[in-house]
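**Student:** File follows, coords.txt with compact mmCIF, C-alpha atoms:
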```txt
# COMPACT_ATOMS: atom_id res chain seq x y z
CA MET G 1 0.00 0.00 0.00
CA ARG G 2 1.50 3.33 -1.04
CA ALA G 3 0.77 6.97 -0.53
CA ILE G 4 2.45 10.27 -1.45
CA ARG G 5 2.76 12.84 1.31
CA SER G 6 4.10 16.40 1.25
CA LEU G 7 5.13 17.10 4.83
CA TYR G 8 7.76 19.84 5.05
CA ILE G 9 10.10 20.21 7.97
CA CYS G 10 12.90 22.62 8.83
CA ALA G 11 15.90 20.84 10.37
CA VAL G 12 18.73 22.55 12.22
CA VAL G 13 22.20 21.56 11.04
CA VAL G 14 24.76 20.51 13.62
CA VAL G 15 28.26 19.63 12.46
CA SER G 16 29.63 16.54 14.15
CA ALA G 17 33.00 16.23 15.81
CA CYS G 18 34.46 14.43 12.78
CA ALA G 19 33.47 17.17 10.33
CA THR G 20 35.95 20.00 9.87
CA LEU G 21 34.25 22.09 7.20
CA VAL G 22 32.56 24.62 9.52
CA ALA G 23 34.64 26.77 11.82
CA SER G 24 33.85 26.94 15.52
CA GLY G 25 31.31 29.67 16.27
CA ALA G 26 30.00 29.82 12.70
CA PRO G 27 26.23 30.39 12.37
CA LEU G 28 24.17 27.20 12.12
CA GLN G 29 22.71 26.50 8.71
CA THR G 30 19.23 25.19 8.04
CA ILE G 31 18.13 22.55 5.60
CA ASN G 32 14.66 22.06 4.14
CA VAL G 33 13.41 18.48 4.42
CA SER G 34 10.28 17.00 2.91
CA VAL G 35 8.84 13.52 3.23
CA GLY G 36 7.83 12.19 -0.17
CA GLU G 37 6.49 8.69 -0.65
CA VAL G 38 5.56 6.73 2.46
CA SER G 39 4.77 3.02 2.20
CA ASP G 40 4.31 0.26 4.72
CA ASN G 41 3.27 -3.35 4.73
CA ARG G 42 1.61 -3.98 8.06
CA SER G 43 1.33 -7.69 8.80
CA THR G 44 1.72 -10.05 11.71
CA GLY G 45 4.70 -11.76 10.10
CA SER G 46 8.26 -10.43 10.15
CA PHE G 47 9.15 -11.08 6.50
CA GLY G 48 8.71 -7.98 4.35
CA SER G 49 7.18 -6.00 7.20
CA GLU G 50 8.68 -2.53 7.17
CA CYS G 51 7.90 1.12 6.62
CA LYS G 52 9.75 3.08 3.92
CA LEU G 53 10.05 6.86 3.79
CA GLU G 54 11.50 8.95 0.99
CA LEU G 55 13.37 11.90 2.48
CA LYS G 56 14.08 14.93 0.27
CA PHE G 57 16.58 17.62 1.20
CA THR G 58 16.79 21.04 -0.47
CA GLY G 59 18.73 24.23 0.11
CA ASP G 60 22.40 25.16 -0.03
CA ALA G 61 23.64 22.30 2.14
CA ALA G 62 21.81 19.72 0.03
CA SER G 63 22.88 21.35 -3.24
CA ASP G 64 26.53 21.18 -2.18
CA ALA G 65 26.32 17.49 -1.27
CA ALA G 66 26.60 14.58 -3.68
CA ALA G 67 24.80 12.00 -1.57
CA VAL G 68 23.53 10.93 1.81
CA ARG G 69 26.08 8.44 3.05
CA GLN G 70 24.43 7.30 6.26
CA VAL G 71 21.24 7.73 8.27
CA ARG G 72 21.30 7.07 12.01
CA VAL G 73 17.85 7.05 13.61
CA LYS G 74 17.81 8.00 17.29
CA THR G 75 14.04 7.99 17.88
CA ALA G 76 11.15 6.71 15.77
CA ILE G 77 7.75 6.10 17.34
CA ASP G 78 4.22 6.04 15.96
CA ASP G 79 1.22 7.74 17.59
CA LEU G 80 0.44 4.58 19.57
CA GLY G 81 3.90 4.47 21.11
CA ARG G 82 5.42 1.66 19.04
CA ASP G 83 9.18 1.89 18.58
CA LEU G 84 9.90 1.89 14.82
CA SER G 85 13.68 2.24 14.98
CA ARG G 86 15.97 -0.46 13.67
CA ASN G 87 19.23 -1.46 15.29
CA ASP G 88 21.40 -0.86 12.22
CA SER G 89 22.77 2.37 10.77
CA GLN G 90 21.54 2.62 7.22
CA GLU G 91 24.32 3.34 4.78
CA THR G 92 23.33 4.69 1.41
CA SER G 93 24.96 5.93 -1.76
CA HIS G 94 24.20 6.71 -5.38
CA SER G 95 23.82 3.00 -5.98
CA PHE G 96 21.30 2.67 -3.16
CA ASN G 97 18.67 5.29 -3.96
CA SER G 98 20.57 8.30 -2.65
CA GLY G 99 21.72 11.08 -4.92
CA GLN G 100 21.39 14.59 -6.24
CA ARG G 101 18.88 15.48 -8.93
CA ASN G 102 17.62 18.95 -9.86
CA GLY G 103 18.85 20.42 -6.59
CA VAL G 104 17.03 17.83 -4.46
CA LEU G 105 18.97 15.28 -2.44
CA LYS G 106 16.96 12.11 -1.88
CA THR G 107 17.40 9.02 0.22
CA GLU G 108 15.22 6.16 1.44
CA LEU G 109 14.78 5.45 5.14
CA ARG G 110 13.54 2.08 6.35
CA LEU G 111 11.80 1.66 9.70
CA ARG G 112 10.00 -1.14 11.49
CA ASN G 113 6.32 -1.58 10.76
CA PRO G 114 3.95 0.79 12.62
CA SER G 115 1.13 -0.47 14.80
CA ARG G 116 -1.84 -1.71 12.80
CA ASN G 117 -4.06 1.19 13.94
CA ALA G 118 -1.41 3.93 13.89
CA ASN G 119 -2.14 7.03 11.82
CA THR G 120 1.14 8.92 12.03
CA ILE G 121 4.79 8.63 12.89
CA LYS G 122 4.65 10.79 15.99
CA LEU G 123 8.37 11.53 16.17
CA LEU G 124 11.32 10.78 13.91
CA GLU G 125 14.74 12.15 14.75
CA GLY G 126 18.32 11.24 14.15
CA GLU G 127 21.43 12.16 12.19
CA ILE G 128 22.42 12.13 8.53
CA GLU G 129 25.85 12.23 6.98
CA LEU G 130 26.06 14.31 3.80
CA PHE G 131 28.89 13.49 1.42
CA SER G 132 30.49 16.46 -0.38
CA PRO G 133 33.58 15.16 -2.18
CA THR G 134 36.33 17.33 -3.68
CA THR G 135 39.92 16.69 -4.62
CA ALA G 136 41.01 19.02 -1.82
CA ASN G 137 39.18 17.12 0.94
CA GLY G 138 40.30 13.74 -0.36
CA GLY G 139 36.82 12.70 -1.43
CA VAL G 140 37.75 12.43 -5.13
CA LEU G 141 40.61 10.18 -6.21
CA THR G 142 41.59 9.64 -9.84
CA VAL G 143 43.48 6.55 -11.00
CA LYS G 144 45.06 7.11 -14.42
CA ASP G 145 45.34 4.34 -17.02
CA ILE G 146 43.54 1.81 -14.82
CA LEU G 147 43.00 -0.60 -17.72
CA LYS G 148 46.74 -0.81 -18.39
CA HIS G 149 47.35 -2.47 -15.02
CA PRO G 150 45.11 -5.52 -14.69
CA ALA G 151 45.39 -7.66 -11.55
CA GLU G 152 47.54 -4.99 -9.88
CA PRO G 153 46.24 -3.40 -6.66
CA VAL G 154 45.88 0.36 -6.99
CA GLN G 155 48.65 2.11 -5.09
CA ASN G 156 47.26 5.13 -3.25
CA GLU G 157 48.02 6.43 0.25
CA ALA G 158 44.42 7.45 0.97
CA LEU G 159 43.10 4.03 0.00
CA LYS G 160 45.80 2.40 2.10
CA LYS G 161 44.92 4.59 5.09
CA TYR G 162 41.31 3.35 5.06
CA LYS G 163 42.27 -0.25 4.19
CA VAL G 164 40.63 -0.05 0.76
CA GLU G 165 41.91 -2.37 -1.97
CA VAL G 166 40.92 -1.81 -5.60
CA VAL G 167 41.95 -4.11 -8.45
CA TYR G 168 40.91 -4.06 -12.12
CA LEU G 169 40.42 -7.62 -13.31
CA THR G 170 40.30 -9.63 -16.47
CA LYS G 171 40.04 -13.38 -16.76
CA GLU G 172 43.41 -13.56 -18.52
CA SER G 173 45.22 -11.40 -15.98
CA TYR G 174 43.83 -13.42 -13.12
CA GLU G 175 44.98 -16.70 -14.64
CA ALA G 176 48.44 -15.24 -15.27
CA LYS G 177 48.70 -13.91 -11.71
CA LYS G 178 47.50 -17.22 -10.32
CA LYS G 179 50.18 -19.08 -12.29
CA GLN G 180 52.84 -16.61 -11.12
CA LEU G 181 51.85 -17.08 -7.49
CA GLN G 182 51.94 -20.85 -7.83
CA GLU G 183 55.44 -20.71 -9.32
CA GLN G 184 56.63 -18.42 -6.53
CA GLN G 185 55.15 -20.72 -3.93
CA ASN G 186 56.76 -23.81 -5.47
CA SER G 187 60.17 -22.16 -5.71
CA GLY G 188 59.91 -20.47 -2.32
CA ALA G 189 60.95 -17.16 -3.88
CA ASP G 190 59.42 -13.89 -2.70
CA GLY G 191 57.18 -15.76 -0.29
CA LYS G 192 55.83 -12.71 1.50
CA LEU G 193 54.75 -11.05 -1.75
CA GLY G 194 53.16 -14.27 -2.96
CA GLU G 195 51.34 -14.72 0.34
CA ALA G 196 50.02 -11.14 0.26
CA PHE G 197 48.71 -11.47 -3.27
CA GLY G 198 47.37 -14.91 -2.50
CA ASP G 199 45.28 -13.52 0.33
CA LEU G 200 44.06 -10.70 -1.90
CA PHE G 201 43.00 -12.98 -4.75
CA LYS G 202 41.77 -15.90 -2.64
CA GLY G 203 38.10 -16.54 -3.38
CA MET G 204 37.93 -13.42 -5.53
CA PHE G 205 36.24 -14.91 -8.54
CA GLY G 206 34.02 -17.84 -7.64
CA GLY G 207 33.07 -18.29 -11.29
CA THR G 208 32.08 -14.64 -11.84
CA LEU G 209 34.57 -14.26 -14.70
CA ALA G 210 33.37 -17.28 -16.65
CA SER G 211 32.25 -14.93 -19.45
CA ASP G 212 34.08 -11.76 -20.34
CA SER G 213 32.59 -9.03 -22.54
CA LYS G 214 34.82 -6.42 -24.19
CA ASN G 215 32.26 -3.79 -23.14
CA SER G 216 32.43 -4.64 -19.45
CA VAL G 217 34.91 -3.94 -16.68
CA LYS G 218 35.27 -5.88 -13.45
CA LEU G 219 36.60 -4.49 -10.22
CA TYR G 220 37.53 -6.09 -6.94
CA VAL G 221 36.84 -3.57 -4.15
CA LYS G 222 37.68 -4.56 -0.60
CA ASP G 223 36.25 -1.84 1.64
CA PRO G 224 35.99 -2.94 5.29
CA GLU G 225 35.01 0.53 6.56
CA LYS G 226 32.58 1.13 3.68
CA ARG G 227 34.36 4.28 2.60
CA VAL G 228 33.88 3.87 -1.16
CA VAL G 229 30.70 5.76 -2.00
CA ASP G 230 30.89 5.45 -5.76
CA VAL G 231 33.22 4.64 -8.66
CA GLU G 232 33.11 6.09 -12.17
CA PHE G 233 35.06 5.26 -15.29
CA GLN G 234 36.07 8.22 -17.45
CA ASP G 235 37.98 8.91 -20.63
CA ALA G 236 41.40 10.53 -20.39
CA SER G 237 39.79 13.99 -20.43
CA GLY G 238 37.64 13.24 -17.39
CA ASN G 239 34.33 12.69 -19.20
CA ALA G 240 32.18 9.90 -17.77
CA LEU G 241 31.82 6.85 -19.99
CA LYS G 242 28.28 5.89 -20.94
CA THR G 243 27.19 2.87 -18.95
CA GLY G 244 24.45 0.27 -19.15
CA SER G 245 23.77 -2.26 -16.43
CA SER G 246 25.96 -3.01 -13.44
CA TRP G 247 26.00 -5.47 -10.58
CA THR G 248 27.73 -6.01 -7.27
CA MET G 249 28.31 -9.36 -5.58
CA GLY G 250 30.26 -9.15 -2.36
CA GLU G 251 33.56 -7.48 -3.20
CA MET G 252 33.17 -7.97 -6.94
CA ARG G 253 31.66 -5.31 -9.22
CA GLN G 254 30.93 -5.34 -12.93
CA ILE G 255 30.10 -2.29 -15.04
CA GLU G 256 28.73 -2.63 -18.56
CA PHE G 257 29.44 0.17 -21.05
CA LYS G 258 27.64 1.16 -24.24
CA SER G 259 30.89 0.53 -26.09
CA ALA G 260 34.32 -0.79 -25.22
CA PRO G 261 36.14 1.60 -22.84
CA PRO G 262 39.24 3.30 -24.31
CA PRO G 263 42.64 1.88 -23.33
CA ASP G 264 43.56 5.12 -21.53
CA ALA G 265 40.39 5.17 -19.40
CA GLN G 266 40.73 6.40 -15.84
CA LEU G 267 38.88 5.47 -12.67
CA GLN G 268 37.43 8.09 -10.35
CA ILE G 269 36.77 6.92 -6.78
CA HIS G 270 34.52 8.82 -4.39
CA LEU G 271 35.93 8.19 -0.93
CA ALA G 272 34.16 9.11 2.32
CA THR G 273 37.01 10.83 4.13
CA PRO G 274 36.13 12.65 7.39
CA GLU G 275 36.80 15.98 5.66
CA ALA G 276 34.25 15.16 2.95
CA LEU G 277 31.47 14.38 5.45
CA ARG G 278 29.13 16.65 7.35
CA THR G 279 26.67 15.44 9.97
CA PHE G 280 23.22 17.00 10.40
CA VAL G 281 20.53 16.50 12.99
CA PHE G 282 17.04 15.99 11.59
CA LYS G 283 13.63 15.88 13.22
CA ALA G 284 10.14 15.27 11.87
CA GLU G 285 6.83 15.05 13.70
CA LYS G 286 3.36 13.78 12.83
CA VAL G 287 4.32 12.15 9.54
CA PRO G 288 1.06 10.78 8.05
CA LEU G 289 0.94 7.05 7.40
CA PRO G 290 -0.94 5.49 4.45
```
Can you give me the file's structure in the form of structure tokens?
**Tutor:**
Amino acid sequence: MRAIRSLYICAVVVVSACATLVASGAPLQTINVSVGEVSDNRSTGSFGSECKLELKFTGDAASDAAAVRQVRVKTAIDDLGRDLSRNDSQETSHSFNSGQRNGVLKTELRLRNPSRNANTIKLLEGEIELFSPTTANGGVLTVKDILKHPAEPVQNEALKKYKVEVVYLTKESYEAKKKQLQEQQNSGADGKLGEAFGDLFKGMFGGTLASDSKNSVKLYVKDPEKRVVDVEFQDASGNALKTGSSWTMGEMRQIEFKSAPPPDAQLQIHLATPEALRTFVFKAEKVPLP
């Protein structure tokens, strides 16, 4: 059951301790928030029972941000007193229904199902992290000639700092690297290097490279702190390549392009560094339920 609502709220912005973009004593900004589509599936079972809210942010702060990285709900109760909050922090990105379009920053928030006879969400409050990446704040990293270095981990100090590993993969390069590692292991030469690469490539494929299209690119992205918000392939001039479908399975990603990417393509990585994040407090009351 679905319904469109147009509840508008004014939220006061509070910069968290990890954000360094606003100087101490600077005037607090405000951000306009509206609740768009609200849907819930109230049932006695637990499977599929949840309430979804579309949150829309407008104003200067939203216009400057690229995405909502994370939503942390502190309080969520309906008008009958039921606690709707979930235990997990909800991380979002462009790939997960969060992004900028026409000056409106949107994200989806998932809550527990309201009481069967509830009419409104009485109180919803928490924090959101807005992601505003630039080269200066470390939120935008560019890897030149990525396709010329298959099966080689990207060497970058920022990625290393946050324990992020990125590798461009082809079936051929993987087989060659696998053979190299086996030879090193058998000879006992360069054991530490072989062990490191063995750990990196162990279980990486699992049959996902059985077919290989010239119009697709596969990436291995190990991101234990979930810092990688988005990746984009570009031509050498920095223009985004036209893409089709894409999928993610664990640490493996595949991006399909409209045509084969040029040999000098580069990879742009959006990285959630502390300097690229700003935390805001939000609060909404009496949100109508369908």
**Student:** Can you tell me how far CA of Asp223 in chain G sits from CA of Thr142 in chain G, in Å to one decimal?
**Tutor:**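 Computed distance, CA of Asp223 in chain G to CA of Thr142 in chain G, equals 17.1 Å.
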**Student:** Write out as a ChimeraX atom specification which residues come within 8 Å of Lys258 in chain G when counting all atoms listed in the file, dropping same-chain ones fewer than 6 positions away.
**Tutor:** /G:215,242-244
**Student:** As an exercise, work out the distance from CA of Thr273 in chain G to CA of Val217 in chain G in Å and give it to one decimal place.
**Tutor:**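 Rounded to one decimal, the two atoms are 25.6 Å apart.
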**Student:** For a quick check of understanding, using all atoms listed in the file, which of G:Glu183, G:Ser213, G:Ile146, G:Pro290 has the smallest distance to Lys171 in chain G?
**Tutor:**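 Using all atoms listed in the file, Lys171 in chain G sits closest to G:Ser213.
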**Student:** Calculate how many Å separate CA of Val38 in chain G from CA of Arg278 in chain G, rounding to one decimal.
**Tutor:**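 For CA of Val38 in chain G relative to CA of Arg278 in chain G, the distance reads 26.0 Å.
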**Student:** May I ask which of the residues G:Leu271, G:Val231, G:Phe280, G:Leu80 is the closest one to Val33 in chain G, counting only C-alpha atoms?
**Tutor:**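 Nearest candidate to Val33 in chain G out of G:Leu271, G:Val231, G:Phe280, G:Leu80: G:Phe280.
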**Student:** Just want the 8 Å neighbourhood of range 100-114 of chain G, counted on only C-alpha atoms, with same-chain residues fewer than 4 positions away dropped. Output as a ChimeraX atom specification.
**Tutor:** /G:40-42,49-59,62-63,65-68,71,76,78,82-86,90,92,118,121
**Student:** Rebuild range 105-130 of chain G to N, CA and C atoms - output it as a PDB file, in the frame of the given file, please.
**Tutor:**
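The result, stored in out-v8.pdb:
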```pdb
ATOM      1  N   LEU G 105      18.215  16.448  -2.892  1.00  0.00           N
ATOM      2  CA  LEU G 105      18.970  15.280  -2.440  1.00  0.00           C
ATOM      3  C   LEU G 105      17.992  14.303  -1.802  1.00  0.00           C
ATOM      4  N   LYS G 106      17.952  13.085  -2.331  1.00  0.00           N
ATOM      5  CA  LYS G 106      16.960  12.110  -1.880  1.00  0.00           C
ATOM      6  C   LYS G 106      17.647  10.889  -1.267  1.00  0.00           C
ATOM      7  N   THR G 107      16.971  10.301  -0.314  1.00  0.00           N
ATOM      8  CA  THR G 107      17.400   9.020   0.220  1.00  0.00           C
ATOM      9  C   THR G 107      16.187   8.290   0.783  1.00  0.00           C
ATOM     10  N   GLU G 108      16.309   6.987   0.904  1.00  0.00           N
ATOM     11  CA  GLU G 108      15.220   6.160   1.440  1.00  0.00           C
ATOM     12  C   GLU G 108      15.568   5.730   2.856  1.00  0.00           C
ATOM     13  N   LEU G 109      14.621   5.860   3.748  1.00  0.00           N
ATOM     14  CA  LEU G 109      14.780   5.450   5.140  1.00  0.00           C
ATOM     15  C   LEU G 109      13.831   4.294   5.421  1.00  0.00           C
ATOM     16  N   ARG G 110      14.355   3.254   6.025  1.00  0.00           N
ATOM     17  CA  ARG G 110      13.540   2.080   6.350  1.00  0.00           C
ATOM     18  C   ARG G 110      13.376   1.973   7.864  1.00  0.00           C
ATOM     19  N   LEU G 111      12.130   1.808   8.286  1.00  0.00           N
ATOM     20  CA  LEU G 111      11.800   1.660   9.700  1.00  0.00           C
ATOM     21  C   LEU G 111      11.041   0.354   9.913  1.00  0.00           C
ATOM     22  N   ARG G 112      10.858  -0.001  11.169  1.00  0.00           N
ATOM     23  CA  ARG G 112      10.000  -1.140  11.490  1.00  0.00           C
ATOM     24  C   ARG G 112       8.555  -0.779  11.191  1.00  0.00           C
ATOM     25  N   ASN G 113       7.729  -1.796  11.061  1.00  0.00           N
ATOM     26  CA  ASN G 113       6.320  -1.580  10.760  1.00  0.00           C
ATOM     27  C   ASN G 113       5.593  -0.865  11.893  1.00  0.00           C
ATOM     28  N   PRO G 114       4.755   0.128  11.584  1.00  0.00           N
ATOM     29  CA  PRO G 114       3.950   0.790  12.620  1.00  0.00           C
ATOM     30  C   PRO G 114       2.875  -0.152  13.166  1.00  0.00           C
ATOM     31  N   SER G 115       2.273   0.263  14.261  1.00  0.00           N
ATOM     32  CA  SER G 115       1.130  -0.470  14.800  1.00  0.00           C
ATOM     33  C   SER G 115       0.016  -0.504  13.760  1.00  0.00           C
ATOM     34  N   ARG G 116      -0.805  -1.541  13.818  1.00  0.00           N
ATOM     35  CA  ARG G 116      -1.840  -1.710  12.800  1.00  0.00           C
ATOM     36  C   ARG G 116      -2.799  -0.530  12.745  1.00  0.00           C
ATOM     37  N   ASN G 117      -3.090   0.085  13.887  1.00  0.00           N
ATOM     38  CA  ASN G 117      -4.060   1.190  13.940  1.00  0.00           C
ATOM     39  C   ASN G 117      -3.402   2.568  14.030  1.00  0.00           C
ATOM     40  N   ALA G 118      -2.105   2.634  13.819  1.00  0.00           N
ATOM     41  CA  ALA G 118      -1.410   3.930  13.890  1.00  0.00           C
ATOM     42  C   ALA G 118      -1.759   4.787  12.686  1.00  0.00           C
ATOM     43  N   ASN G 119      -1.835   6.087  12.897  1.00  0.00           N
ATOM     44  CA  ASN G 119      -2.140   7.030  11.820  1.00  0.00           C
ATOM     45  C   ASN G 119      -0.958   7.894  11.420  1.00  0.00           C
ATOM     46  N   THR G 120      -0.016   8.079  12.330  1.00  0.00           N
ATOM     47  CA  THR G 120       1.140   8.920  12.030  1.00  0.00           C
ATOM     48  C   THR G 120       2.397   8.360  12.701  1.00  0.00           C
ATOM     49  N   ILE G 121       3.537   8.787  12.160  1.00  0.00           N
ATOM     50  CA  ILE G 121       4.790   8.630  12.890  1.00  0.00           C
ATOM     51  C   ILE G 121       4.900   9.857  13.771  1.00  0.00           C
ATOM     52  N   LYS G 122       4.718   9.661  15.062  1.00  0.00           N
ATOM     53  CA  LYS G 122       4.650  10.790  15.990  1.00  0.00           C
ATOM     54  C   LYS G 122       5.960  11.576  16.031  1.00  0.00           C
ATOM     55  N   LEU G 123       7.075  10.856  16.073  1.00  0.00           N
ATOM     56  CA  LEU G 123       8.370  11.530  16.170  1.00  0.00           C
ATOM     57  C   LEU G 123       9.419  10.703  15.439  1.00  0.00           C
ATOM     58  N   LEU G 124      10.197  11.389  14.610  1.00  0.00           N
ATOM     59  CA  LEU G 124      11.320  10.780  13.910  1.00  0.00           C
ATOM     60  C   LEU G 124      12.501  11.735  14.005  1.00  0.00           C
ATOM     61  N   GLU G 125      13.570  11.302  14.630  1.00  0.00           N
ATOM     62  CA  GLU G 125      14.740  12.150  14.750  1.00  0.00           C
ATOM     63  C   GLU G 125      16.009  11.310  14.718  1.00  0.00           C
ATOM     64  N   GLY G 126      17.056  11.941  14.258  1.00  0.00           N
ATOM     65  CA  GLY G 126      18.320  11.240  14.150  1.00  0.00           C
ATOM     66  C   GLY G 126      19.369  12.109  13.494  1.00  0.00           C
ATOM     67  N   GLU G 127      20.339  11.455  12.845  1.00  0.00           N
ATOM     68  CA  GLU G 127      21.430  12.160  12.190  1.00  0.00           C
ATOM     69  C   GLU G 127      21.615  11.647  10.767  1.00  0.00           C
ATOM     70  N   ILE G 128      22.063  12.530   9.887  1.00  0.00           N
ATOM     71  CA  ILE G 128      22.420  12.130   8.530  1.00  0.00           C
ATOM     72  C   ILE G 128      23.821  12.610   8.240  1.00  0.00           C
ATOM     73  N   GLU G 129      24.545  11.825   7.467  1.00  0.00           N
ATOM     74  CA  GLU G 129      25.850  12.230   6.980  1.00  0.00           C
ATOM     75  C   GLU G 129      25.718  12.616   5.517  1.00  0.00           C
ATOM     76  N   LEU G 130      26.052  13.864   5.180  1.00  0.00           N
ATOM     77  CA  LEU G 130      26.060  14.310   3.800  1.00  0.00           C
ATOM     78  C   LEU G 130      27.477  14.214   3.263  1.00  0.00           C
TER      79      LEU G 130
END
```
